[in-house]
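Data block for query-v1.tsv (TSV, C-alpha atoms):
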chain	number	residue	atom	x	y	z
A	1	MET	CA	80.71	120.88	109.99
A	2	PRO	CA	79.32	122.06	106.65
A	3	THR	CA	77.22	119.27	105.21
A	4	TRP	CA	77.43	118.17	101.59
A	5	GLY	CA	74.43	120.38	100.83
A	6	GLU	CA	75.84	123.37	102.69
A	7	LEU	CA	79.10	123.07	100.78
A	8	LEU	CA	77.08	122.96	97.57
A	9	ALA	CA	75.38	126.23	98.56
A	10	GLU	CA	78.81	127.72	99.27
A	11	LEU	CA	80.00	126.54	95.86
A	12	VAL	CA	77.00	128.14	94.13
A	13	GLU	CA	77.81	131.43	95.87
A	14	LEU	CA	81.42	131.21	94.66
A	15	GLN	CA	80.20	130.50	91.14
A	16	GLU	CA	77.99	133.60	91.19
A	17	ARG	CA	80.93	135.71	92.39
A	18	HIS	CA	83.13	134.24	89.68
A	19	LYS	CA	80.53	135.01	87.05
A	20	ALA	CA	80.33	138.63	88.19
A	21	HIS	CA	84.10	139.06	88.72
A	22	PRO	CA	85.98	136.51	86.55
A	23	ASP	CA	89.41	137.68	87.73
A	24	GLU	CA	88.65	137.55	91.45
A	25	PHE	CA	90.10	134.08	92.03
A	26	GLY	CA	93.28	134.60	90.03
A	27	GLY	CA	92.48	131.97	87.42
A	28	ALA	CA	91.26	129.30	89.85
A	29	SER	CA	87.78	127.88	89.41
A	30	PRO	CA	85.13	128.07	92.16
A	31	HIS	CA	85.59	124.32	92.71
A	32	ASP	CA	89.32	124.87	93.23
A	33	VAL	CA	88.73	127.73	95.64
A	34	LEU	CA	86.31	125.71	97.74
A	35	ARG	CA	88.45	122.58	97.85
A	36	ARG	CA	91.68	124.38	98.67
A	37	ARG	CA	90.08	126.47	101.39
A	38	TYR	CA	89.13	123.40	103.37
A	39	MET	CA	92.44	121.65	102.67
A	40	ARG	CA	94.32	124.64	104.09
A	41	GLU	CA	92.06	124.70	107.15
A	42	LEU	CA	92.74	121.01	107.80
A	43	SER	CA	96.51	121.40	107.49
A	44	LYS	CA	96.45	124.48	109.72
A	45	ARG	CA	94.67	122.43	112.37
A	46	THR	CA	96.94	119.36	112.16
A	47	GLY	CA	100.27	120.98	111.33
A	48	ARG	CA	100.75	118.26	108.72
A	49	ALA	CA	100.89	118.27	104.95
A	50	THR	CA	97.65	117.22	103.27
A	51	ILE	CA	97.60	115.41	99.92
A	52	ILE	CA	94.43	114.31	98.18
A	53	TYR	CA	94.40	111.23	95.95
A	54	ALA	CA	90.84	110.82	94.69
A	55	THR	CA	89.19	109.55	91.52
A	56	ALA	CA	85.67	109.80	90.13
A	57	TRP	CA	85.04	106.06	90.35
A	58	LEU	CA	81.71	106.58	92.16
A	59	GLU	CA	80.52	109.40	89.89
A	60	HIS	CA	79.29	107.19	87.00
A	61	LYS	CA	81.42	109.04	84.46
A	62	GLN	CA	82.39	107.53	81.13
A	63	ALA	CA	86.12	107.53	81.72
A	64	GLU	CA	88.76	105.02	80.73
A	65	PRO	CA	89.42	102.57	83.60
A	66	GLU	CA	93.13	103.50	83.54
A	67	MET	CA	92.23	107.11	84.34
A	68	LEU	CA	90.36	106.04	87.48
A	69	SER	CA	92.92	103.53	88.73
A	70	VAL	CA	96.22	103.59	90.58
A	71	ASN	CA	98.84	103.61	87.81
A	72	LEU	CA	102.49	104.46	87.34
A	73	GLY	CA	101.66	107.86	85.87
A	74	ASP	CA	100.38	108.89	89.31
A	75	VAL	CA	103.98	109.07	90.55
A	76	GLN	CA	104.36	112.29	88.58
A	77	GLY	CA	101.26	113.62	90.29
A	78	PHE	CA	102.66	112.85	93.73
A	79	MET	CA	105.97	114.45	92.78
A	80	GLU	CA	104.03	117.59	91.92
A	81	ALA	CA	101.98	117.49	95.13
A	82	ALA	CA	105.05	116.91	97.32
A	83	SER	CA	107.32	119.40	95.58
A	84	ASN	CA	106.52	122.41	97.78
A	85	ALA	CA	105.53	120.62	100.99
A	86	GLU	CA	107.91	121.58	103.79
A	87	GLU	CA	106.17	119.42	106.39
A	88	ARG	CA	107.70	116.03	107.17
A	89	GLU	CA	104.40	114.46	108.29
A	90	LEU	CA	101.61	113.70	105.83
A	91	ASP	CA	97.87	113.13	105.89
A	92	LEU	CA	97.11	111.24	102.66
A	93	PHE	CA	93.46	111.06	101.62
A	94	LEU	CA	92.72	107.91	99.61
A	95	HIS	CA	89.51	107.56	97.60
A	96	SER	CA	90.15	104.97	94.89
A	97	PRO	CA	88.96	101.60	93.55
A	98	GLY	CA	92.57	100.40	93.27
A	99	GLY	CA	94.76	99.53	90.31
A	100	SER	CA	98.33	98.32	89.89
A	101	ALA	CA	100.25	96.82	92.81
A	102	GLU	CA	103.49	97.78	91.10
A	103	ALA	CA	102.33	101.39	90.84
A	104	ALA	CA	101.31	101.36	94.50
A	105	GLU	CA	104.85	100.24	95.36
A	106	SER	CA	106.38	103.08	93.36
A	107	ILE	CA	104.07	105.67	94.92
A	108	LEU	CA	104.63	104.54	98.49
A	109	GLU	CA	108.38	104.22	98.15
A	110	TYR	CA	108.51	107.76	96.72
A	111	LEU	CA	106.33	109.22	99.50
A	112	ARG	CA	108.56	107.59	102.09
A	113	THR	CA	111.51	109.60	100.77
A	114	GLN	CA	109.52	112.81	101.28
A	115	PHE	CA	107.75	112.23	104.61
A	116	ASP	CA	108.80	110.69	107.92
A	117	HIS	CA	105.27	109.82	109.05
A	118	ILE	CA	102.25	109.02	106.88
A	119	ARG	CA	98.69	108.89	108.14
A	120	VAL	CA	96.19	107.60	105.57
A	121	VAL	CA	92.67	109.03	105.73
A	122	VAL	CA	89.91	106.84	104.28
A	123	PRO	CA	86.86	109.14	103.97
A	124	VAL	CA	84.80	106.47	102.16
A	125	ALA	CA	86.68	103.66	100.44
A	126	ALA	CA	90.22	102.75	99.45
A	127	MET	CA	90.07	99.38	97.73
A	128	SER	CA	92.47	96.82	96.28
A	129	ALA	CA	95.80	98.53	95.41
A	130	ALA	CA	94.61	101.61	97.34
A	131	THR	CA	94.23	99.31	100.35
A	132	MET	CA	97.83	98.26	99.79
A	133	LEU	CA	98.85	101.93	99.91
A	134	ALA	CA	96.87	102.35	103.13
A	135	LEU	CA	98.63	99.36	104.68
A	136	GLY	CA	101.95	101.09	103.98
A	137	ALA	CA	101.01	103.94	106.34
A	138	ASP	CA	102.03	104.45	109.96
A	139	GLU	CA	98.40	104.99	110.99
A	140	LEU	CA	94.93	105.02	109.47
A	141	ILE	CA	92.01	107.35	110.10
A	142	MET	CA	88.69	105.58	109.47
A	143	GLY	CA	85.09	106.27	110.36
A	144	HIS	CA	82.23	103.86	110.90
A	145	HIS	CA	81.38	104.29	107.21
A	146	SER	CA	84.96	103.87	105.90
A	147	GLN	CA	86.18	100.73	104.21
A	148	LEU	CA	89.25	99.00	102.89
A	149	GLY	CA	89.12	95.89	100.73
A	150	PRO	CA	90.88	92.62	99.85
A	151	ILE	CA	94.18	92.85	98.00
A	152	ASP	CA	93.98	89.55	96.07
A	153	PRO	CA	95.11	90.16	92.45
A	154	GLN	CA	92.58	90.38	89.62
A	155	PHE	CA	93.20	89.31	86.02
A	156	THR	CA	91.41	90.19	82.81
A	157	VAL	CA	90.62	87.05	80.82
A	158	TYR	CA	89.48	87.49	77.22
A	159	THR	CA	86.50	85.34	76.32
A	160	PRO	CA	84.38	85.07	73.15
A	161	GLU	CA	81.83	87.25	74.95
A	162	GLY	CA	84.45	89.90	75.74
A	163	PRO	CA	86.91	90.60	78.58
A	164	ARG	CA	86.06	89.30	82.03
A	165	SER	CA	87.75	90.10	85.32
A	166	ALA	CA	88.57	87.18	87.59
A	167	PRO	CA	90.48	86.75	90.86
A	168	ALA	CA	93.81	84.99	90.55
A	169	ASP	CA	92.75	82.43	93.17
A	170	ALA	CA	89.52	81.72	91.29
A	171	ILE	CA	91.47	81.11	88.06
A	172	LYS	CA	93.75	78.68	89.87
A	173	GLU	CA	90.84	76.92	91.56
A	174	GLN	CA	88.96	76.53	88.27
A	175	PHE	CA	92.02	74.96	86.67
A	176	ARG	CA	92.35	72.54	89.59
A	177	MET	CA	88.67	71.67	89.22
A	178	ALA	CA	89.11	70.98	85.49
A	179	ARG	CA	92.22	68.87	86.12
A	180	ASP	CA	90.55	66.75	88.80
A	181	GLU	CA	87.30	66.23	86.88
A	182	CYS	CA	89.08	65.29	83.65
A	183	ALA	CA	91.42	62.93	85.51
A	184	ALA	CA	88.42	61.19	87.01
A	185	ASP	CA	86.40	61.19	83.77
A	186	PRO	CA	88.28	61.99	80.51
A	187	ALA	CA	84.95	62.40	78.71
A	188	LYS	CA	84.52	65.74	80.50
A	189	LEU	CA	87.51	67.22	78.67
A	190	ALA	CA	85.31	68.30	75.76
A	191	ALA	CA	83.15	70.39	78.09
A	192	TRP	CA	86.19	72.01	79.71
A	193	LEU	CA	88.12	72.79	76.50
A	194	PRO	CA	86.36	76.12	75.69
A	195	ILE	CA	87.30	77.38	79.17
A	196	LEU	CA	90.83	76.00	79.17
A	197	ARG	CA	91.56	77.65	75.79
A	198	MET	CA	91.24	81.03	77.50
A	199	TYR	CA	94.16	80.23	79.80
A	200	GLY	CA	96.97	81.96	77.93
A	201	PRO	CA	100.63	80.98	78.26
A	202	GLY	CA	101.96	81.67	81.73
A	203	LEU	CA	98.60	82.69	83.22
A	204	LEU	CA	98.72	80.29	86.16
A	205	ALA	CA	102.33	81.23	86.94
A	206	GLN	CA	101.39	84.91	86.77
A	207	CYS	CA	98.56	84.28	89.21
A	208	GLU	CA	100.98	82.70	91.67
A	209	ASP	CA	103.50	85.51	91.25
A	210	GLN	CA	100.97	88.32	91.68
A	211	ILE	CA	99.50	86.73	94.81
A	212	ALA	CA	103.01	86.43	96.25
A	213	LEU	CA	103.85	90.02	95.29
A	214	SER	CA	100.84	91.57	97.01
A	215	LYS	CA	101.55	89.64	100.20
A	216	GLU	CA	105.26	90.45	100.08
A	217	LEU	CA	104.75	94.21	99.63
A	218	VAL	CA	102.11	94.58	102.32
A	219	SER	CA	103.99	92.36	104.78
A	220	ARG	CA	107.19	94.37	104.27
A	221	TRP	CA	105.44	97.72	104.72
A	222	LEU	CA	103.50	96.65	107.81
A	223	GLU	CA	106.65	95.32	109.47
A	224	ARG	CA	108.63	98.43	108.59
A	225	TYR	CA	106.04	101.07	109.46
A	226	MET	CA	102.74	100.30	111.21
A	227	PHE	CA	104.10	97.43	113.30
A	228	ALA	CA	107.58	98.89	113.78
A	229	GLY	CA	108.81	98.23	117.30
A	230	ASP	CA	106.53	95.24	117.91
A	231	ALA	CA	108.44	92.22	119.16
A	232	ASP	CA	106.66	89.92	116.69
A	233	ALA	CA	106.32	92.50	113.89
A	234	GLY	CA	107.41	90.09	111.13
A	235	THR	CA	104.96	87.34	112.02
A	236	LYS	CA	102.14	89.79	112.65
A	237	ALA	CA	102.74	91.55	109.34
A	238	ALA	CA	102.79	88.28	107.39
A	239	ASP	CA	99.54	87.14	109.02
A	240	VAL	CA	97.75	90.41	108.22
A	241	ALA	CA	99.00	90.39	104.62
A	242	ALA	CA	97.79	86.81	104.20
A	243	TRP	CA	94.36	87.71	105.63
A	244	PHE	CA	93.88	90.64	103.25
A	245	SER	CA	94.93	88.37	100.35
A	246	ASP	CA	92.59	85.51	101.24
A	247	TYR	CA	90.05	85.28	98.40
A	248	PRO	CA	88.23	82.22	99.87
A	249	GLU	CA	87.77	84.25	103.08
A	250	PHE	CA	86.25	87.28	101.34
A	251	ARG	CA	84.62	85.57	98.31
A	252	SER	CA	84.49	88.94	96.54
A	253	HIS	CA	87.15	91.47	95.62
A	254	GLY	CA	84.74	94.27	96.50
A	255	ARG	CA	84.03	92.98	100.02
A	256	ARG	CA	84.11	95.59	102.78
A	257	VAL	CA	86.80	95.66	105.45
A	258	SER	CA	85.38	97.94	108.12
A	259	LYS	CA	87.20	100.00	110.73
A	260	GLU	CA	86.32	97.35	113.32
A	261	SER	CA	87.69	94.56	111.11
A	262	ALA	CA	90.89	96.51	110.51
A	263	GLU	CA	91.29	97.05	114.25
A	264	GLY	CA	90.65	93.34	114.77
A	265	GLN	CA	93.68	92.62	112.59
A	266	GLY	CA	95.81	94.79	114.85
A	267	LEU	CA	96.07	97.78	112.52
A	268	LYS	CA	96.64	101.19	114.11
A	269	VAL	CA	93.33	102.93	113.42
A	270	ILE	CA	92.37	106.37	114.71
A	271	PRO	CA	88.56	106.59	114.91
A	272	LEU	CA	87.32	109.53	112.84
A	273	GLU	CA	84.47	110.11	115.28
A	274	GLY	CA	86.86	110.34	118.23
A	275	ASP	CA	87.71	113.98	117.52
A	276	PRO	CA	84.65	115.95	116.31
A	277	GLU	CA	86.71	118.92	115.11
A	278	LEU	CA	89.06	116.71	113.11
A	279	GLN	CA	86.07	114.80	111.74
A	280	ASP	CA	84.48	118.06	110.57
A	281	ALA	CA	87.67	119.20	108.89
A	282	ILE	CA	88.26	115.86	107.13
A	283	LEU	CA	84.71	115.43	105.87
A	284	SER	CA	84.60	119.04	104.65
A	285	VAL	CA	87.65	118.34	102.50
A	286	HIS	CA	86.09	115.13	101.20
A	287	HIS	CA	82.77	116.79	100.36
A	288	ALA	CA	84.60	119.57	98.49
A	289	VAL	CA	86.58	116.95	96.54
A	290	ARG	CA	83.41	115.07	95.59
A	291	HIS	CA	81.82	118.31	94.37
A	292	THR	CA	84.81	118.77	92.06
A	293	LEU	CA	84.56	115.21	90.75
A	294	SER	CA	80.81	115.41	90.17
A	295	GLY	CA	80.61	119.00	88.87
A	296	THR	CA	83.62	119.19	86.52
A	297	PRO	CA	85.29	116.97	83.89
A	298	THR	CA	87.95	116.07	86.48
A	299	VAL	CA	88.31	112.33	87.04
A	300	LYS	CA	91.46	112.25	89.19
A	301	ILE	CA	92.88	114.71	91.72
A	302	ILE	CA	96.35	114.61	93.26
A	303	GLU	CA	96.76	117.85	95.19
A	304	ASN	CA	98.30	119.37	98.31
A	305	GLN	CA	97.05	122.12	100.61
A	306	HIS	CA	99.23	124.72	98.89
A	307	GLY	CA	97.29	124.33	95.65
A	308	ARG	CA	99.98	122.32	93.86
A	309	ALA	CA	97.92	119.86	91.85
A	310	PHE	CA	97.97	117.27	89.09
A	311	LEU	CA	94.50	116.73	87.64
A	312	GLU	CA	93.29	114.33	84.99
A	313	MET	CA	90.24	115.32	82.99
A	314	SER	CA	87.98	113.47	80.61
A	315	GLN	CA	85.70	115.08	78.10
A	316	GLN	CA	83.78	114.19	75.00
A	317	VAL	CA	84.90	115.54	71.67
A	318	LEU	CA	82.09	117.06	69.65
A	319	VAL	CA	81.65	115.33	66.30
A	320	ARG	CA	79.96	116.46	63.13
A	321	ARG	CA	76.95	114.35	62.18
A	322	GLN	CA	75.80	113.66	58.66
A	323	GLU	CA	72.18	114.74	58.30
A	324	PRO	CA	69.80	114.14	55.39
A	325	ASP	CA	69.44	117.13	53.10
A	326	ASP	CA	65.75	117.86	53.71
A	327	GLY	CA	66.06	121.62	53.99
A	328	GLN	CA	65.58	121.74	57.78
A	329	GLU	CA	68.08	123.56	60.00
A	330	ARG	CA	70.01	121.49	62.49
A	331	PRO	CA	72.88	122.23	64.86
A	332	ALA	CA	76.21	121.82	63.11
A	333	LEU	CA	77.72	120.02	66.07
A	334	ALA	CA	76.27	117.65	68.63
A	335	PRO	CA	77.80	115.38	71.26
A	336	ALA	CA	77.76	111.72	70.39
A	337	PRO	CA	75.20	110.09	72.72
A	338	THR	CA	77.20	106.93	73.32
A	339	PRO	CA	80.79	105.89	72.62
A	340	ASN	CA	81.17	104.45	69.12
A	341	ARG	CA	83.57	104.63	66.23
A	342	GLU	CA	82.84	108.32	65.74
A	343	THR	CA	83.28	109.17	69.42
A	344	ARG	CA	86.65	109.61	71.01
A	345	ARG	CA	87.47	110.41	74.56
A	346	ARG	CA	90.58	112.36	75.39
A	347	SER	CA	92.40	112.92	78.63
A	348	ASN	CA	94.20	116.10	79.52
A	349	LYS	CA	96.61	116.38	82.43
A	350	ARG	CA	96.43	119.86	83.90
A	351	ARG	CA	98.98	121.20	86.39
A	352	ARG	CA	98.40	123.89	88.96
This entry written out as structure tokens:
Amino acid sequence: MPTWGELLAELVELQERHKAHPDEFGGASPHDVLRRRYMRELSKRTGRATIIYATAWLEHKQAEPEMLSVNLGDVQGFMEAASNAEERELDLFLHSPGGSAEAAESILEYLRTQFDHIRVVVPVAAMSAATMLALGADELIMGHHSQLGPIDPQFTVYTPEGPRSAPADAIKEQFRMARDECAADPAKLAAWLPILRMYGPGLLAQCEDQIALSKELVSRWLERYMFAGDADAGTKAADVAAWFSDYPEFRSHGRRVSKESAEGQGLKVIPLEGDPELQDAILSVHHAVRHTLSGTPTVKIIENQHGRAFLEMSQQVLVRRQEPDDGQERPALAPAPTPNRETRRRSNKRRR
């Protein structure tokens, strides 16, 4: 298996060739050539379609959170990536921090119209709503280093100090704590009021509804797909969905669910290390994807092995700075060092 460093050396060689012969790759970049080469090799080995869904959430890029998350706009990307796939079985790579449960539902329901069997590959981490997508698969491929995460909903609460993210269960528990303490000692109401004012209309009901939704979706998918044929599929699916949604159990939305923990819940997990050749092929694809995310403005990749892709890119716009007229030459344009009122980020969706 080419290591991350060996793939980097291969990429540098491709970049030198591209510099010397710009038309050699037919308009594709060296990053594209490298990534697609290993995607084709994987699909040739498995006989299955390969679709990458990966974002630059671990690359420390200054991108809007929406660009890095699972959102409804991704459906268009999956339509593009599935449009010329003739295979009826899919290996779906997931590398994502999560996002919208509703978007995950739309994506999975669409993919189920295009493929009869879906195997989700977790090369590093598929968290939150990406975990929900993974739980809608027929099988998972995970290594000792792979991880899923809890699916308990998160809410953004706006405070005087700025927006704060909080688990739905934690919001409910804090309200119960305030109610009980104030009932026991009304004098404590004054201390609780600044916190209670942040509870907008319908927040507690929304918390209840979102918790129920995540459980309902995952339970339905597990019963229909991964646990299909099990005599107690319904009960088993409901128990697993409840476990993944249990905030008091995990205590953190970013908590790791390892391959061993997933197997302990009865999920169908294929060990990545069980087939060295498959492991090499999968990790080569993942390394090539990470090189694209770290070495280009790309922040999201949805792509199949045929090169049909939907990419989201983020880049800084150069802005003109006002300089004192002291007679010294300065560059006319310079990138703003940090986001401010003069700095704007723009996203471009690029099809291939």
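Proximity to Arg40 in chain A was assessed for A:Asp275, A:Ile52, A:Ala231, A:His60 counting only C-alpha atoms; the smallest distance is recorded for A:Ile52.
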Quiz item: Which residue gives the smallest distance to Ala281 in chain A among A:Ala82, A:Leu68, A:Leu196, A:Val121, with all atoms listed in the file counted?
Solution: A:Val121
Quiz item: Within 9 Å of Ala81 in chain A, counting all atoms listed in the file, which residues qualify if same-chain residues fewer than 3 places away don't, as a VMD selection string?
Solution: chain A and resid 51 to 52 76 to 78 84 to 85 302 to 310
Any chance you can output those residues with C-alpha atoms as a PDB file, in the frame of the given file?
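The resulting file, again22.pdb, is reproduced below:
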ATOM      1  CA  ILE A  51      97.600 115.410  99.920  1.00  0.00           C
ATOM      2  CA  ILE A  52      94.430 114.310  98.180  1.00  0.00           C
ATOM      3  CA  GLN A  76     104.360 112.290  88.580  1.00  0.00           C
ATOM      4  CA  GLY A  77     101.260 113.620  90.290  1.00  0.00           C
ATOM      5  CA  PHE A  78     102.660 112.850  93.730  1.00  0.00           C
ATOM      6  CA  ASN A  84     106.520 122.410  97.780  1.00  0.00           C
ATOM      7  CA  ALA A  85     105.530 120.620 100.990  1.00  0.00           C
ATOM      8  CA  ILE A 302      96.350 114.610  93.260  1.00  0.00           C
ATOM      9  CA  GLU A 303      96.760 117.850  95.190  1.00  0.00           C
ATOM     10  CA  ASN A 304      98.300 119.370  98.310  1.00  0.00           C
ATOM     11  CA  GLN A 305      97.050 122.120 100.610  1.00  0.00           C
ATOM     12  CA  HIS A 306      99.230 124.720  98.890  1.00  0.00           C
ATOM     13  CA  GLY A 307      97.290 124.330  95.650  1.00  0.00           C
ATOM     14  CA  ARG A 308      99.980 122.320  93.860  1.00  0.00           C
ATOM     15  CA  ALA A 309      97.920 119.860  91.850  1.00  0.00           C
ATOM     16  CA  PHE A 310      97.970 117.270  89.090  1.00  0.00           C
TER      17      PHE A 310
END
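If all atoms listed in the file are the atoms counted, then among A:Val70, A:Ser219, A:Lys172, A:Val285 the closest residue to Gly202 in chain A is A:Lys172.
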Quiz item: Can you list, as an NGL selection string, every protein, DNA or RNA residue that comes within 8 Å of Phe244 in chain A when you count all atoms listed in the file, leaving out same-chain residues fewer than 6 positions away?
Solution: :A and (149-152)
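Contact shell of Ala130 in chain A at 8 Å (only C-alpha atoms; same-chain neighbours under 5 positions omitted): A:Val70, A:Leu94, A:His95, A:Ser96, A:Pro97, A:Gly98, A:Gly99, A:Ala104.
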Exercise. Using CA of Pro194 in chain A and CA of Arg176 in chain A as the two end points, give the distance in Å to one decimal.
Key: 15.6 Å
Self-check item: Sel. within 9 Å of pt (87.3, 109.4, 99.3), counting only C-alpha atoms, output as a PyMOL selection string
Solution: chain A and resi 52-55+93-96+121-126+146+286-287+289-290
If the box runs along x, y and z of the file and leaves 4 Å on each side of range 92-96 of chain A, what are its centre and edge lengths in Å, one decimal, as JSON?
{"center_x": 93.3, "center_y": 108.1, "center_z": 98.8, "size_x": 15.6, "size_y": 14.3, "size_z": 15.8}
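Residues surrounding Ile171 in chain A within 9 Å are Phe155, Tyr199, Leu203, Leu204 and Cys207 of chain A [all atoms listed in the file; sequence separation below 6 positions excluded].
You can rank A:Ser314, A:Ser165, A:Thr298, A:Thr292 by their closest distance to Leu11 in chain A using all atoms listed in the file, and at the top of that list sits A:Thr292.
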